[in-house]
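Below: the structure, in structure tokens.
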Amino acid sequence: MAKYLLLKHYRGAPAPVNDVPMDQWSPEEISAHVQFMHDFAARLEKTGEFVDGQALAPEGAWVRYDGEGRPPVTDGPFAETKDLIAGFMVIDVDSHERAVELAGELSAAPGAGGKPIHEWLEVRPLLTSPPTITE
């Protein structure tokens with residue numbers, strides 16, 4: 001099994017077919033989208049392929065270590081990740097092909113008008129540690 005990160009982008013990917021920003025959706029459209037995401041995750045929980053998934057709030061900050069004392073915090077650099085990443089799902093699947101298949105299904109989440117978004121999702125494998133060899 002290999003773990004993959006499925007990234008949902010606000011921006012930074014090619015425009016989806018149903019390219020209406022979520023802040024312009026009705027409450028019912030938002031509810032339908034969230035329900036689709038919950039149902040998708042529940043189905044993957046049953047197959048053992050779901051690890052985690054979260055929507056991300058638009059607020060955020062950049063922080064770094066800058067020596068002793070309080071770390072600096074800024075609202076940049078731009079383009080900010082908080083503007084790019086809307087949410088993520090971590091899956092544990094048998095192959096890259098299965099990760100791509102699931103990302104394709106997730107891309108069909110409903111958006112404005114209840115029609116599938118056909119959004120682009122970024123599929124990224126998680127780095128794993130090499131196996132420990134004992135003698």
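Each chain in the structure tokens gets a letter, A, B, ..., in the order shown, and its residues are numbered from 1; ligands are numbered from 1 in order too.
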> Could you write out, as a PyMOL selection string, all the residues of region 11-86 of chain A that DSSP marks as strand (DSSP E)?
Replying inline: chain A and resi 50-55+62-63+73-74+85-86
>> For the alpha helix (DSSP H) assignment from backbone DSSP, which residues of chain A qualify? Please present them as a PyMOL selection string.
In response: chain A and resi 27-47+81-84+96-106
>> I'd like the contact shell of Asp19 (chain A) - 12 Å cut-off, only C-alpha atoms, skipping same-chain residues fewer than 2 positions apart - returned as a VMD selection string.
In response: chain A and resid 9 to 11 13 to 17 21 to 25 110 to 113 115 to 120
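For Ala32 (chain A), the residues within 8 Å (counting only C-alpha atoms, excluding itself and residues fewer than 3 positions away along the chain) are Glu28, Glu29, Gln35, Phe36, Pro110, Gly111 and Gly114 of chain A.
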> Hey, what's within 8 Å of Gly53 (chain A) if we count only C-alpha atoms and toss same-chain stuff fewer than 2 positions away? As a PyMOL selection string, please?
Replying inline: chain A and resi 41+51+55+87-90
For the residues selected in the previous step, produce a file with N, CA and C atoms as a PDB file, in the first residue's frame.
```pdb
ATOM      1  N   ALA A  41     -15.498   9.841   1.457  1.00  0.00           N
ATOM      2  CA  ALA A  41     -14.599   9.389   2.523  1.00  0.00           C
ATOM      3  C   ALA A  41     -15.150   8.145   3.221  1.00  0.00           C
ATOM      4  N   VAL A  51      -7.393   7.632   4.871  1.00  0.00           N
ATOM      5  CA  VAL A  51      -6.521   7.915   6.007  1.00  0.00           C
ATOM      6  C   VAL A  51      -7.004   9.170   6.722  1.00  0.00           C
ATOM      7  N   ALA A  55     -11.000  20.045   5.137  1.00  0.00           N
ATOM      8  CA  ALA A  55     -11.107  21.308   4.407  1.00  0.00           C
ATOM      9  C   ALA A  55     -10.268  22.312   5.185  1.00  0.00           C
ATOM     10  N   GLY A  87      -8.297  22.108   0.528  1.00  0.00           N
ATOM     11  CA  GLY A  87      -8.449  20.957   1.398  1.00  0.00           C
ATOM     12  C   GLY A  87      -7.626  19.807   0.865  1.00  0.00           C
ATOM     13  N   PHE A  88      -7.635  18.729   1.625  1.00  0.00           N
ATOM     14  CA  PHE A  88      -6.835  17.577   1.218  1.00  0.00           C
ATOM     15  C   PHE A  88      -7.495  16.300   1.683  1.00  0.00           C
ATOM     16  N   MET A  89      -7.080  15.214   1.062  1.00  0.00           N
ATOM     17  CA  MET A  89      -7.464  13.882   1.495  1.00  0.00           C
ATOM     18  C   MET A  89      -6.221  13.008   1.359  1.00  0.00           C
ATOM     19  N   VAL A  90      -5.952  12.224   2.378  1.00  0.00           N
ATOM     20  CA  VAL A  90      -4.858  11.259   2.326  1.00  0.00           C
ATOM     21  C   VAL A  90      -5.485   9.889   2.154  1.00  0.00           C
TER      22      VAL A  90
END
```
Tell me, as a PDB file with N, CA, C and O atoms, in the first residue's frame, which residues lie within 9 Å of region 121-126 of chain A, counting only C-alpha atoms; anything in the same chain fewer than 3 positions away does not count.
```pdb
ATOM      1  N   ALA A   2       0.433   2.281  -0.658  1.00  0.00           N
ATOM      2  CA  ALA A   2       1.158   3.544  -0.717  1.00  0.00           C
ATOM      3  C   ALA A   2       0.190   4.676  -0.400  1.00  0.00           C
ATOM      4  O   ALA A   2      -0.974   4.638  -0.795  1.00  0.00           O
ATOM      5  N   LYS A   3       0.692   5.656   0.312  1.00  0.00           N
ATOM      6  CA  LYS A   3      -0.152   6.786   0.680  1.00  0.00           C
ATOM      7  C   LYS A   3       0.032   7.916  -0.317  1.00  0.00           C
ATOM      8  O   LYS A   3       1.140   8.211  -0.757  1.00  0.00           O
ATOM      9  N   TYR A   4      -1.105   8.535  -0.653  1.00  0.00           N
ATOM     10  CA  TYR A   4      -1.125   9.656  -1.584  1.00  0.00           C
ATOM     11  C   TYR A   4      -1.913  10.799  -0.976  1.00  0.00           C
ATOM     12  O   TYR A   4      -2.887  10.585  -0.243  1.00  0.00           O
ATOM     13  N   LEU A   5      -1.502  12.008  -1.311  1.00  0.00           N
ATOM     14  CA  LEU A   5      -2.197  13.213  -0.907  1.00  0.00           C
ATOM     15  C   LEU A   5      -2.962  13.733  -2.115  1.00  0.00           C
ATOM     16  O   LEU A   5      -2.376  13.936  -3.181  1.00  0.00           O
ATOM     17  N   LEU A   6      -4.276  13.883  -1.959  1.00  0.00           N
ATOM     18  CA  LEU A   6      -5.100  14.482  -3.004  1.00  0.00           C
ATOM     19  C   LEU A   6      -5.364  15.910  -2.577  1.00  0.00           C
ATOM     20  O   LEU A   6      -5.998  16.151  -1.545  1.00  0.00           O
ATOM     21  N   LEU A   7      -4.857  16.868  -3.337  1.00  0.00           N
ATOM     22  CA  LEU A   7      -4.974  18.279  -2.985  1.00  0.00           C
ATOM     23  C   LEU A   7      -6.049  18.958  -3.811  1.00  0.00           C
ATOM     24  O   LEU A   7      -6.034  18.889  -5.042  1.00  0.00           O
ATOM     25  N   LYS A   8      -6.961  19.635  -3.118  1.00  0.00           N
ATOM     26  CA  LYS A   8      -7.996  20.429  -3.762  1.00  0.00           C
ATOM     27  C   LYS A   8      -7.523  21.879  -3.738  1.00  0.00           C
ATOM     28  O   LYS A   8      -7.191  22.403  -2.689  1.00  0.00           O
ATOM     29  N   HIS A   9      -7.474  22.503  -4.885  1.00  0.00           N
ATOM     30  CA  HIS A   9      -6.949  23.862  -5.005  1.00  0.00           C
ATOM     31  C   HIS A   9      -8.063  24.889  -5.163  1.00  0.00           C
ATOM     32  O   HIS A   9      -9.036  24.650  -5.875  1.00  0.00           O
ATOM     33  N   ALA A  13      -4.351  25.656 -10.197  1.00  0.00           N
ATOM     34  CA  ALA A  13      -4.537  24.519 -11.090  1.00  0.00           C
ATOM     35  C   ALA A  13      -5.329  25.025 -12.294  1.00  0.00           C
ATOM     36  O   ALA A  13      -5.901  26.114 -12.242  1.00  0.00           O
ATOM     37  N   VAL A  90      -5.952  12.224   2.378  1.00  0.00           N
ATOM     38  CA  VAL A  90      -4.858  11.259   2.326  1.00  0.00           C
ATOM     39  C   VAL A  90      -5.485   9.889   2.154  1.00  0.00           C
ATOM     40  O   VAL A  90      -6.404   9.519   2.889  1.00  0.00           O
ATOM     41  N   HIS A  96      -0.471   3.691  -7.880  1.00  0.00           N
ATOM     42  CA  HIS A  96      -0.652   5.056  -8.379  1.00  0.00           C
ATOM     43  C   HIS A  96      -1.913   5.128  -9.244  1.00  0.00           C
ATOM     44  O   HIS A  96      -2.654   6.110  -9.183  1.00  0.00           O
ATOM     45  N   ALA A  99      -4.875   5.640  -7.087  1.00  0.00           N
ATOM     46  CA  ALA A  99      -4.907   7.022  -6.590  1.00  0.00           C
ATOM     47  C   ALA A  99      -5.473   7.954  -7.651  1.00  0.00           C
ATOM     48  O   ALA A  99      -6.312   8.814  -7.363  1.00  0.00           O
ATOM     49  N   VAL A 100      -5.054   7.767  -8.897  1.00  0.00           N
ATOM     50  CA  VAL A 100      -5.555   8.587 -10.002  1.00  0.00           C
ATOM     51  C   VAL A 100      -7.049   8.324 -10.216  1.00  0.00           C
ATOM     52  O   VAL A 100      -7.831   9.259 -10.432  1.00  0.00           O
ATOM     53  N   ALA A 103      -8.939  10.125  -7.477  1.00  0.00           N
ATOM     54  CA  ALA A 103      -8.901  11.574  -7.702  1.00  0.00           C
ATOM     55  C   ALA A 103      -9.897  11.961  -8.790  1.00  0.00           C
ATOM     56  O   ALA A 103     -10.586  12.982  -8.682  1.00  0.00           O
ATOM     57  N   GLY A 104     -10.009  11.147  -9.827  1.00  0.00           N
ATOM     58  CA  GLY A 104     -10.978  11.407 -10.880  1.00  0.00           C
ATOM     59  C   GLY A 104     -12.397  11.388 -10.364  1.00  0.00           C
ATOM     60  O   GLY A 104     -13.229  12.222 -10.727  1.00  0.00           O
ATOM     61  N   LEU A 106     -13.298  11.982  -7.208  1.00  0.00           N
ATOM     62  CA  LEU A 106     -13.441  13.123  -6.312  1.00  0.00           C
ATOM     63  C   LEU A 106     -13.638  14.421  -7.092  1.00  0.00           C
ATOM     64  O   LEU A 106     -14.321  15.333  -6.640  1.00  0.00           O
ATOM     65  N   SER A 107     -13.083  14.486  -8.281  1.00  0.00           N
ATOM     66  CA  SER A 107     -13.225  15.657  -9.147  1.00  0.00           C
ATOM     67  C   SER A 107     -14.671  15.908  -9.559  1.00  0.00           C
ATOM     68  O   SER A 107     -15.019  17.004  -9.977  1.00  0.00           O
TER      69      SER A 107
END
```
>> Restricting the calculation to only C-alpha atoms: of A:Met37, A:Ile30, A:Glu45, A:Ala86, which residue gets closest to Ala57 (chain A)?
In response: A:Ala86
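Among the candidates A:Leu127, A:Ile85, A:Met1, A:Ile91, the residue lying nearest to Asp52 (chain A) is A:Ile91 (atoms considered: only C-alpha atoms).
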